[in-house]
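Single-structure report; data block below.
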Amino acid sequence: MEHRQLRQCLLCIMGSSNMKTREYLQVQSETSAWTRQSGGRQIAVRDSVQYFCDFVPTSATICEIGCGDGYALDLLNSFGYSSVVGCDVNISKLQIAKQHSNIVSLQDAHKLGFPNNAFDAIYCTHTLEHTHDGYTVLAELYRILRPKGIVFVIVPDHEPLYGDTFVEPEAVIPLEERSATHFEDLLQERHGFRSETVRNQFPFTMKLLTHVIFHAGFSLQYAARIDRGYPELWALASKPESGRISVDPIIQRSLTTSNKSLIKRFWKRIQRLL
C-alpha cells in the first residue's frame, strides 16, 4: 500500500473518532524515535526478541503490537519465524518496515482489526505506555490471542515519575476528558519539569501493569523490574484455556536486576510453566 493510501486509511480511523482521539492518533503517528537509527535501541530490541524466541516455537503465528520501523520483525524473520505480522499507527515507520519485506498493518491497538484467537504469541514492547487506555488494549490482545497463547510485554517503569495512576479501570480519565499534556502537567506539578513529548499517555507502574493484565483475563506467569540502564517492567502472561486465571508463586514479580544470566534463568523457569 502506498504512503498516500496508508494516510487515507489513518484518516478513516480518525474520522470515526472524536476530536481528542484524532489528536492522539495524529501525535502517535508522526513522532517517536527510529530503532534502525540507534545502535543502542537495536541492542535492546535484539535482547528482548531473543528472550521472546526462547519460549515461542518457530511454527507460531506472531503479532507485534507497535512494530514501528520493523526492526524486531526483521529479527523474528531471520530467526526462522514465517508467520509474523506487525501493526502500528505510524505511517512512515510502516513504510520502512514494508521496504524490509515485513508484513505490516495500519492498526489502532485500542480496536484491532484481527479476528478472535488469531495468534499464538504477541510481542509488545515499549508500546502500551503510548496508548490512552491500557485496559482496552490488553482486552484486545486477549481477544486476538489463542487459548494457551502468550503475550510478552515491556514498558518503562514510570513509578518514580508519576506514582500509581489509573490502577482501577474506573480511575482512568477518558481521553476526551483530559488534556494532551495531562501527564506533563503532573510532572511539572510533582517534580518541576516537563518531558519532551506528549506521547506517554498511560504511565505504568508494577501495580498498574499486573492489574491491567489480570483485568483482561490473562494468567500472569512472570513480572519483574529489569534494569538495562533504564528502569523497565517485563511481564509474561498466558491466555487460560479454561478461563481460569492463575499466578505461579515460584516466579518472582518484583525483581530488580541487570544480570542477564539471572534473567536467562528466569526464562528457563517460564518455559517449564508453559
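Ordering of the C-alpha cells sets the chain letters (A, B, ...); residue numbers start at 1 within each chain; ligands are numbered from 1 in the order shown.
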If we count only C-alpha atoms, what is near range 236-241 of chain A at a cut-off of 8 Å, once residues fewer than 4 positions away on the same chain are taken out, given as a ChimeraX atom specification? /A:142,145-153,213,217-223,245
Enumerate the residues of range 29-235 of chain A with a DSSP assignment of strand (DSSP E or B), computed from the backbone, and present them as an MDAnalysis selection string. chainID A and resid 62:65 84:88 104:106 119:125 145:156 219:227 231:235
Enumerate, as a PDB file with N, CA and C atoms, in the first residue's frame, the complete set of residues in range 61-154 of chain A that a backbone-based DSSP assignment places in alpha helix (DSSP H).
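What ended up in out_6.pdb:
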```pdb
ATOM      1  N   TYR A  71      12.161  -3.343  12.939  1.00  0.00           N
ATOM      2  CA  TYR A  71      13.435  -3.980  13.254  1.00  0.00           C
ATOM      3  C   TYR A  71      13.230  -5.314  13.975  1.00  0.00           C
ATOM      4  N   ALA A  72      12.286  -5.359  14.921  1.00  0.00           N
ATOM      5  CA  ALA A  72      12.009  -6.627  15.612  1.00  0.00           C
ATOM      6  C   ALA A  72      11.429  -7.663  14.652  1.00  0.00           C
ATOM      7  N   LEU A  73      10.624  -7.221  13.691  1.00  0.00           N
ATOM      8  CA  LEU A  73      10.093  -8.137  12.686  1.00  0.00           C
ATOM      9  C   LEU A  73      11.220  -8.734  11.855  1.00  0.00           C
ATOM     10  N   ASP A  74      12.214  -7.904  11.499  1.00  0.00           N
ATOM     11  CA  ASP A  74      13.395  -8.411  10.776  1.00  0.00           C
ATOM     12  C   ASP A  74      14.030  -9.559  11.555  1.00  0.00           C
ATOM     13  N   LEU A  75      14.218  -9.340  12.851  1.00  0.00           N
ATOM     14  CA  LEU A  75      14.883 -10.341  13.676  1.00  0.00           C
ATOM     15  C   LEU A  75      14.063 -11.624  13.763  1.00  0.00           C
ATOM     16  N   LEU A  76      12.759 -11.494  13.974  1.00  0.00           N
ATOM     17  CA  LEU A  76      11.910 -12.677  14.051  1.00  0.00           C
ATOM     18  C   LEU A  76      11.966 -13.475  12.754  1.00  0.00           C
ATOM     19  N   ASN A  77      11.914 -12.790  11.640  1.00  0.00           N
ATOM     20  CA  ASN A  77      12.011 -13.484  10.343  1.00  0.00           C
ATOM     21  C   ASN A  77      13.367 -14.165  10.181  1.00  0.00           C
ATOM     22  N   SER A  78      14.424 -13.488  10.618  1.00  0.00           N
ATOM     23  CA  SER A  78      15.769 -14.062  10.479  1.00  0.00           C
ATOM     24  C   SER A  78      15.976 -15.268  11.386  1.00  0.00           C
ATOM     25  N   ILE A  91       2.632   5.855  10.009  1.00  0.00           N
ATOM     26  CA  ILE A  91       2.663   5.508   8.595  1.00  0.00           C
ATOM     27  C   ILE A  91       4.091   5.451   8.053  1.00  0.00           C
ATOM     28  N   SER A  92       4.910   6.428   8.377  1.00  0.00           N
ATOM     29  CA  SER A  92       6.275   6.474   7.859  1.00  0.00           C
ATOM     30  C   SER A  92       7.065   5.245   8.288  1.00  0.00           C
ATOM     31  N   LYS A  93       6.886   4.838   9.529  1.00  0.00           N
ATOM     32  CA  LYS A  93       7.606   3.661  10.016  1.00  0.00           C
ATOM     33  C   LYS A  93       7.103   2.383   9.364  1.00  0.00           C
ATOM     34  N   LEU A  94       5.799   2.288   9.149  1.00  0.00           N
ATOM     35  CA  LEU A  94       5.263   1.109   8.476  1.00  0.00           C
ATOM     36  C   LEU A  94       5.814   0.990   7.062  1.00  0.00           C
ATOM     37  N   GLN A  95       6.004   2.119   6.401  1.00  0.00           N
ATOM     38  CA  GLN A  95       6.584   2.093   5.054  1.00  0.00           C
ATOM     39  C   GLN A  95       7.996   1.528   5.077  1.00  0.00           C
ATOM     40  N   ILE A  96       8.788   1.930   6.078  1.00  0.00           N
ATOM     41  CA  ILE A  96      10.150   1.402   6.199  1.00  0.00           C
ATOM     42  C   ILE A  96      10.109  -0.092   6.511  1.00  0.00           C
ATOM     43  N   ALA A  97       9.226  -0.491   7.406  1.00  0.00           N
ATOM     44  CA  ALA A  97       9.104  -1.914   7.745  1.00  0.00           C
ATOM     45  C   ALA A  97       8.741  -2.727   6.510  1.00  0.00           C
ATOM     46  N   LYS A  98       7.836  -2.200   5.704  1.00  0.00           N
ATOM     47  CA  LYS A  98       7.411  -2.896   4.493  1.00  0.00           C
ATOM     48  C   LYS A  98       8.551  -2.997   3.486  1.00  0.00           C
ATOM     49  N   GLN A  99       9.388  -1.958   3.406  1.00  0.00           N
ATOM     50  CA  GLN A  99      10.522  -1.982   2.489  1.00  0.00           C
ATOM     51  C   GLN A  99      11.512  -3.088   2.832  1.00  0.00           C
ATOM     52  N   GLY A 134      -4.877   1.527  28.617  1.00  0.00           N
ATOM     53  CA  GLY A 134      -4.227   0.223  28.648  1.00  0.00           C
ATOM     54  C   GLY A 134      -5.190  -0.926  28.893  1.00  0.00           C
ATOM     55  N   TYR A 135      -6.272  -0.685  29.628  1.00  0.00           N
ATOM     56  CA  TYR A 135      -7.256  -1.737  29.880  1.00  0.00           C
ATOM     57  C   TYR A 135      -7.914  -2.190  28.578  1.00  0.00           C
ATOM     58  N   THR A 136      -8.279  -1.234  27.735  1.00  0.00           N
ATOM     59  CA  THR A 136      -8.898  -1.565  26.460  1.00  0.00           C
ATOM     60  C   THR A 136      -7.930  -2.319  25.561  1.00  0.00           C
ATOM     61  N   VAL A 137      -6.670  -1.886  25.523  1.00  0.00           N
ATOM     62  CA  VAL A 137      -5.680  -2.536  24.665  1.00  0.00           C
ATOM     63  C   VAL A 137      -5.415  -3.968  25.119  1.00  0.00           C
ATOM     64  N   LEU A 138      -5.237  -4.193  26.418  1.00  0.00           N
ATOM     65  CA  LEU A 138      -4.992  -5.561  26.896  1.00  0.00           C
ATOM     66  C   LEU A 138      -6.185  -6.456  26.622  1.00  0.00           C
ATOM     67  N   ALA A 139      -7.387  -5.910  26.697  1.00  0.00           N
ATOM     68  CA  ALA A 139      -8.575  -6.694  26.360  1.00  0.00           C
ATOM     69  C   ALA A 139      -8.549  -7.110  24.891  1.00  0.00           C
ATOM     70  N   GLU A 140      -8.066  -6.213  24.024  1.00  0.00           N
ATOM     71  CA  GLU A 140      -7.945  -6.540  22.611  1.00  0.00           C
ATOM     72  C   GLU A 140      -6.871  -7.616  22.387  1.00  0.00           C
ATOM     73  N   LEU A 141      -5.755  -7.523  23.107  1.00  0.00           N
ATOM     74  CA  LEU A 141      -4.719  -8.541  22.968  1.00  0.00           C
ATOM     75  C   LEU A 141      -5.241  -9.897  23.414  1.00  0.00           C
ATOM     76  N   TYR A 142      -6.013  -9.902  24.480  1.00  0.00           N
ATOM     77  CA  TYR A 142      -6.626 -11.150  24.957  1.00  0.00           C
ATOM     78  C   TYR A 142      -7.551 -11.724  23.878  1.00  0.00           C
ATOM     79  N   ARG A 143      -8.320 -10.862  23.236  1.00  0.00           N
ATOM     80  CA  ARG A 143      -9.282 -11.312  22.225  1.00  0.00           C
ATOM     81  C   ARG A 143      -8.592 -11.967  21.029  1.00  0.00           C
ATOM     82  N   ILE A 144      -7.494 -11.392  20.555  1.00  0.00           N
ATOM     83  CA  ILE A 144      -6.855 -11.909  19.340  1.00  0.00           C
ATOM     84  C   ILE A 144      -5.885 -13.050  19.624  1.00  0.00           C
TER      85      ILE A 144
END
```
With only C-alpha atoms as the atoms that count, which of A:Gly192, A:Pro231, A:Pro169, A:Gly80 lies nearest to Val155 in chain A? A:Pro231
Rank A:Lys207, A:His158, A:His132, A:Arg46 by their smallest atom-to-atom distance to Ala180 in chain A, using only C-alpha atoms, and report the top residue only.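 Smallest separation from Ala180 in chain A among the options: A:His132.
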I'd like the contact shell of Asp88 in chain A - 10 Å cut-off, only C-alpha atoms, skipping same-chain residues fewer than 2 positions apart - returned as a compact mmCIF listing (two decimals) with C-alpha atoms, in the first residue's frame.
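In the end it all went to out_7.txt:
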```txt
# COMPACT_ATOMS: atom_id res chain seq x y z
CA GLN A 28 1.34 8.98 17.78
CA SER A 29 1.56 8.65 14.01
CA GLU A 64 3.92 -7.42 17.16
CA ILE A 65 1.86 -4.56 18.57
CA GLY A 66 3.62 -1.25 17.89
CA CYS A 67 6.13 -2.62 15.37
CA GLY A 68 7.48 0.79 14.38
CA ASP A 69 10.07 0.56 11.61
CA GLY A 70 10.04 -3.23 11.73
CA GLY A 86 3.32 -6.12 12.79
CA ASN A 90 2.95 5.47 12.39
CA ILE A 91 2.66 5.51 8.59
CA LYS A 93 7.61 3.66 10.02
CA LEU A 94 5.26 1.11 8.48
CA VAL A 104 2.55 -4.87 8.38
CA SER A 105 -0.88 -3.40 9.03
CA LEU A 106 -2.08 0.08 9.93
CA GLN A 107 -3.96 -0.52 13.19
CA ASP A 108 -5.01 1.29 16.34
CA ALA A 109 -4.32 -1.09 19.25
CA THR A 127 4.07 0.46 23.19
```
Nearest residue to Thr21 in chain A out of A:Ala224, A:Leu175, A:Ala216, A:Ala44, using only C-alpha atoms?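 Closest to Thr21 in chain A of all the choices is A:Leu175.
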Find the residues around Glu184 in chain A up to 7 Å (only C-alpha atoms counted), leave out those fewer than 4 positions away in its own chain, and share them as a PyMOL selection string. chain A and resi 188+194-195
How would the residues just picked look written out with N, CA and C atoms as a PDB file, in the first residue's frame?
```pdb
ATOM      1  N   GLN A 188       5.270  18.416  35.960  1.00  0.00           N
ATOM      2  CA  GLN A 188       5.581  19.792  36.352  1.00  0.00           C
ATOM      3  C   GLN A 188       5.165  20.056  37.793  1.00  0.00           C
ATOM      4  N   ARG A 194       9.102  19.106  32.669  1.00  0.00           N
ATOM      5  CA  ARG A 194       8.189  18.503  31.704  1.00  0.00           C
ATOM      6  C   ARG A 194       8.982  17.615  30.757  1.00  0.00           C
ATOM      7  N   SER A 195       8.367  16.556  30.259  1.00  0.00           N
ATOM      8  CA  SER A 195       9.047  15.695  29.296  1.00  0.00           C
ATOM      9  C   SER A 195       9.017  16.350  27.922  1.00  0.00           C
TER      10      SER A 195
END
```
CA of Asn200 in chain A to CA of Phe119 in chain A: how many Å, to one decimal? 26.9 Å
